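Chemist: Pasting a structure below so you can have a look.
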Amino acid sequence: MQVATDYHHVDRILTRPGPFTDESWVPGEEPQSFLREKCKILVIGSYPLIPASGIAQRKLIAGCSRHACTGAGGLGCEILANLALLGFRDIHVIDMDTIDISNLNRQFLFRPKDVGKPKATVAAEFIMNRVPGVTVTPYHGKIQDKDDDYYLQFNIVICGLDSVDARRWMSATLVNLVDPENPESLKPLIDGGTEGFKGQARVMLPTITSCYECSMDMLTPPTAFPICTIANTPRLPEHCIEWASILEWPRVFKDKKVDNDDPEHIQWLFDTARTRAEQYNIEGVTWSLTQGVVKRIIPAIASTNAIISAACCNEAFKIATSSNPFLNNYMMYTGNESIYTYTFEHQQKPECPVCGGEAVEVSRPSTSTLQDLIDFLLERGDLQIRRPSFSFGGKNLYLQAPPQLEALTRPNLEKTLGELISSGDELTVTDSGLPFSLKLVVNFV
């Protein structure tokens with residue numbers, strides 16, 4: 001095999017064993033060939049798990065890494081560049097955003113002439129022009145647009161998403177793809193995220209290690225403003241934006257839900273919030289702030305993006321080449337006052353509704369109402385439920401939509417649980433924020 005001089009820095013790792021490589025690992029042509037000729041990676045917007053003698057298992061996982069997936073935003077730009085320079089030559093990217101002028105200060109693949117264009121398309125063209133021999137296939141759209149067969153062609157997925165809902169969907173999708181009879185259906189998921197000067201990178205092996213749903217209780221609760229303040233005494237630009245989103249949108253559009261990714265919806269919220277801000281002499285309502293409040297976006301720091309994307313690509317490289325043990329399974333980074341990193345193994349939860357296979361159990365008084373149960377679930381941070389619907393034994397107890405069925409099942413909200421079900425019954429809970437159906441066992445106390 002002709003060794004490309006462009007990758008001489010990578011070949012220092014791939015052509016000789018190191019202190020952490022498995023004794024059975026063979027350096028040289030095999031890992032080089034796989035990385036540069038067979039490995040296909042998709043970019044969307046642990047060692048202890050494998051025993052020392054388990055090189056075959058690690059090769060199996062590496063063999064599943066023909067594709068990786070991330071986005072073309074703050075993390076995505078860094079990840080795409082890193083992957084190309086590491087030697088990944090067949091890269092796919094999914095991102096539904098278009099380039100805004102505010103992106104130019106940190107998303108270095110874009111230029112002023114690119115404003116308004118799809119991020120995925122521009123990023124792909126930039127990488128292919130800058131790194132000859134690399135093919136980047138872009139898709140401008142939602143990850144939900146693709147079916148299972150699409151994701152089955154990919155084997156490593158790298159997520160640089162800015163949405164909890166999207167992460168949950170991607171994680172649940174990859175868990176559901178796993179077929180015990182087909183080892184290649186297991187797609188390692190590498191997830192990176194940043195929040196100001198903080199960040200995390202993690203490696204998830206669906207059904208084997210903890211999934212994203214297992215760590216929902218670690219999320220920082222979003223900032224919430226009292227409804228009375230939003231409605232009557234707004235003092236901040238965020239109050240005006242929340243008023244437009246929570247109170248005014250439902251009043252004007254009735255049962256139509258806000259699509260946080262639709263530029264027309266964001267524009268309406270921005271215009272409405274700005275009008276209200278002018279009424280109360282409040283300054284600071286901008287398009288970017290409106291988008292940030294609605295999507296719960298925290299301003300990104302370029303240096304944090306660089307560090308976390310490097311960690312994600314490092315794990316992708318290790319999985320693809322088996323040259324070193326990969327992360328088991330969570331790395332946290334903080335750069336607020338100094339540079340600090342910490343790694344630990346996040347445990348899989350037996351009761352996880354996605355990968356645990358067990359129903360979630362709750363204890364409630366039989367005299368409490370179905371509405372009380374909804375309020376109880378809304379307060380649980382580990383479930384992140386917003387608008388739940390309930391069914392039991394093929395019967396709908398309460399449906400949030402469509403409006404006709406919501407009106408038909410609304411009387412059940414005031415009924416006691418004892419009137420509707422028996423202790424130990426298993427309810428099916430669906431929610432627009434859940435990428436799966438939740439099995440909920442209600443025990444009376």
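If you're wondering about the labels, chains in the structure tokens are A, B, ... by order shown, residues count from 1 in each chain, ligands from 1 in order shown.
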Could you make a table, as a tab-separated table, of the residues of region 155-270 of chain A that have an atom within 10 Å of an atom of region 432-439 of chain A, each with its nearest atom pair and distance in Å to one decimal, counting only C-alpha atoms, in chain and number order?

Modeler:
```
residue	atom	partner	partner_atom	distance
A:Val164	CA	A:Gly433	CA	9.2
A:Asp165	CA	A:Gly433	CA	6.2
A:Ala166	CA	A:Pro435	CA	8.8
A:Arg167	CA	A:Pro435	CA	9.7
A:Arg168	CA	A:Pro435	CA	6.6
A:Trp169	CA	A:Pro435	CA	5.0
A:Met170	CA	A:Pro435	CA	8.5
A:Ser171	CA	A:Pro435	CA	9.0
A:Ala172	CA	A:Pro435	CA	6.6
A:Thr173	CA	A:Pro435	CA	8.0
A:Asn176	CA	A:Phe436	CA	9.7
A:Glu213	CA	A:Leu434	CA	9.9
```

Chemist: For the residues in the current selection, export N, CA and C atoms as a PDB file, in the first residue's frame.

Modeler:
```pdb
ATOM      1  N   VAL A 164     -31.516  18.606  22.708  1.00  0.00           N
ATOM      2  CA  VAL A 164     -31.711  17.408  23.527  1.00  0.00           C
ATOM      3  C   VAL A 164     -32.645  16.430  22.824  1.00  0.00           C
ATOM      4  N   ASP A 165     -33.713  16.963  22.231  1.00  0.00           N
ATOM      5  CA  ASP A 165     -34.670  16.099  21.541  1.00  0.00           C
ATOM      6  C   ASP A 165     -34.005  15.320  20.412  1.00  0.00           C
ATOM      7  N   ALA A 166     -33.144  15.985  19.652  1.00  0.00           N
ATOM      8  CA  ALA A 166     -32.465  15.313  18.545  1.00  0.00           C
ATOM      9  C   ALA A 166     -31.513  14.247  19.059  1.00  0.00           C
ATOM     10  N   ARG A 167     -30.819  14.522  20.143  1.00  0.00           N
ATOM     11  CA  ARG A 167     -29.924  13.520  20.728  1.00  0.00           C
ATOM     12  C   ARG A 167     -30.713  12.300  21.200  1.00  0.00           C
ATOM     13  N   ARG A 168     -31.843  12.542  21.852  1.00  0.00           N
ATOM     14  CA  ARG A 168     -32.670  11.432  22.332  1.00  0.00           C
ATOM     15  C   ARG A 168     -33.155  10.584  21.160  1.00  0.00           C
ATOM     16  N   TRP A 169     -33.557  11.270  20.079  1.00  0.00           N
ATOM     17  CA  TRP A 169     -34.070  10.558  18.913  1.00  0.00           C
ATOM     18  C   TRP A 169     -32.984   9.702  18.283  1.00  0.00           C
ATOM     19  N   MET A 170     -31.795  10.277  18.138  1.00  0.00           N
ATOM     20  CA  MET A 170     -30.698   9.550  17.503  1.00  0.00           C
ATOM     21  C   MET A 170     -30.277   8.359  18.345  1.00  0.00           C
ATOM     22  N   SER A 171     -30.168   8.570  19.653  1.00  0.00           N
ATOM     23  CA  SER A 171     -29.777   7.486  20.549  1.00  0.00           C
ATOM     24  C   SER A 171     -30.796   6.354  20.526  1.00  0.00           C
ATOM     25  N   ALA A 172     -32.090   6.698  20.629  1.00  0.00           N
ATOM     26  CA  ALA A 172     -33.142   5.681  20.625  1.00  0.00           C
ATOM     27  C   ALA A 172     -33.194   4.942  19.288  1.00  0.00           C
ATOM     28  N   THR A 173     -32.962   5.664  18.197  1.00  0.00           N
ATOM     29  CA  THR A 173     -32.977   5.042  16.876  1.00  0.00           C
ATOM     30  C   THR A 173     -31.881   3.985  16.756  1.00  0.00           C
ATOM     31  N   ASN A 176     -32.718   0.905  18.767  1.00  0.00           N
ATOM     32  CA  ASN A 176     -33.743   0.091  18.104  1.00  0.00           C
ATOM     33  C   ASN A 176     -33.206  -0.642  16.885  1.00  0.00           C
ATOM     34  N   GLU A 213     -30.590   8.343  26.964  1.00  0.00           N
ATOM     35  CA  GLU A 213     -31.746   8.417  27.863  1.00  0.00           C
ATOM     36  C   GLU A 213     -31.361   8.096  29.294  1.00  0.00           C
TER      37      GLU A 213
END
```

Chemist: Residues near Lys187 (chain A), anyone? I mean within 9 Å using only C-alpha atoms, not counting same-chain ones fewer than 4 positions away, as a PyMOL selection string.

Modeler: chain A and resi 61+64-65+151-152+154-157+174-175+177-178+204-206

Chemist: Mind listing the alpha helix (DSSP H) residues of region 132-344 of chain A, per DSSP on the backbone, as JSON, numbers by chain?

Modeler: {"A": [148, 149, 150, 151, 152, 164, 165, 166, 167, 168, 169, 170, 171, 172, 173, 174, 175, 176, 177, 227, 228, 229, 230, 231, 232, 237, 238, 239, 240, 241, 242, 249, 250, 251, 252, 253, 263, 264, 265, 266, 267, 268, 269, 270, 271, 272, 273, 274, 275, 276, 277, 278, 279, 287, 288, 289, 290, 291, 292, 293, 294, 295, 302, 303, 304, 305, 306, 307, 308, 309, 310, 311, 312, 313, 314, 315, 316, 317, 318, 319, 320, 321]}

Chemist: Return the single residue from A:Asn314, A:Gln371, A:Thr272, A:Ser391 that is closest to Lys415 (chain A), with distances computed using only C-alpha atoms.

Modeler: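 Using only C-alpha atoms, the shortest distance to Lys415 (chain A) belongs to A:Gln371.
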
Chemist: Which residue is closest to Lys198 (chain A)? Choose from A:Cys312, A:Leu440, A:Ile301, A:Cys77 and count only C-alpha atoms.

Modeler: A:Ile301

Chemist: Using only C-alpha atoms, which residue out of A:Leu104, A:Glu351, A:Tyr342, A:Arg386 lies closest to Cys214 (chain A)?

Modeler: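 Of all the options, A:Glu351 lies closest to Cys214 (chain A).
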
Chemist: Rank nothing, just name the residue among A:Thr430, A:Lys142, A:Thr135, A:Gly18 nearest to Gln384 (chain A), using only C-alpha atoms.

Modeler: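 Closest residue, counting only C-alpha atoms: A:Thr430.
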
Chemist: Could you list, as a count of residues only, every residue within 9 Å of Val442 (chain A), counting only C-alpha atoms and ignoring same-chain residues fewer than 4 positions away?

Modeler: 13

Chemist: Please measure the separation of CA of Phe34 (chain A) and CA of Thr321 (chain A), giving the value in Å to one decimal.

Modeler: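 Interatomic distance, CA of Phe34 (chain A) to CA of Thr321 (chain A): 7.5 Å.
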
Chemist: Could you pull out the residues in region 312-403 of chain A that DSSP calls strand (DSSP E or B) from the backbone, as a PyMOL selection string?

Modeler: chain A and resi 330-334+340-344+360-364+369+389-392+395-398
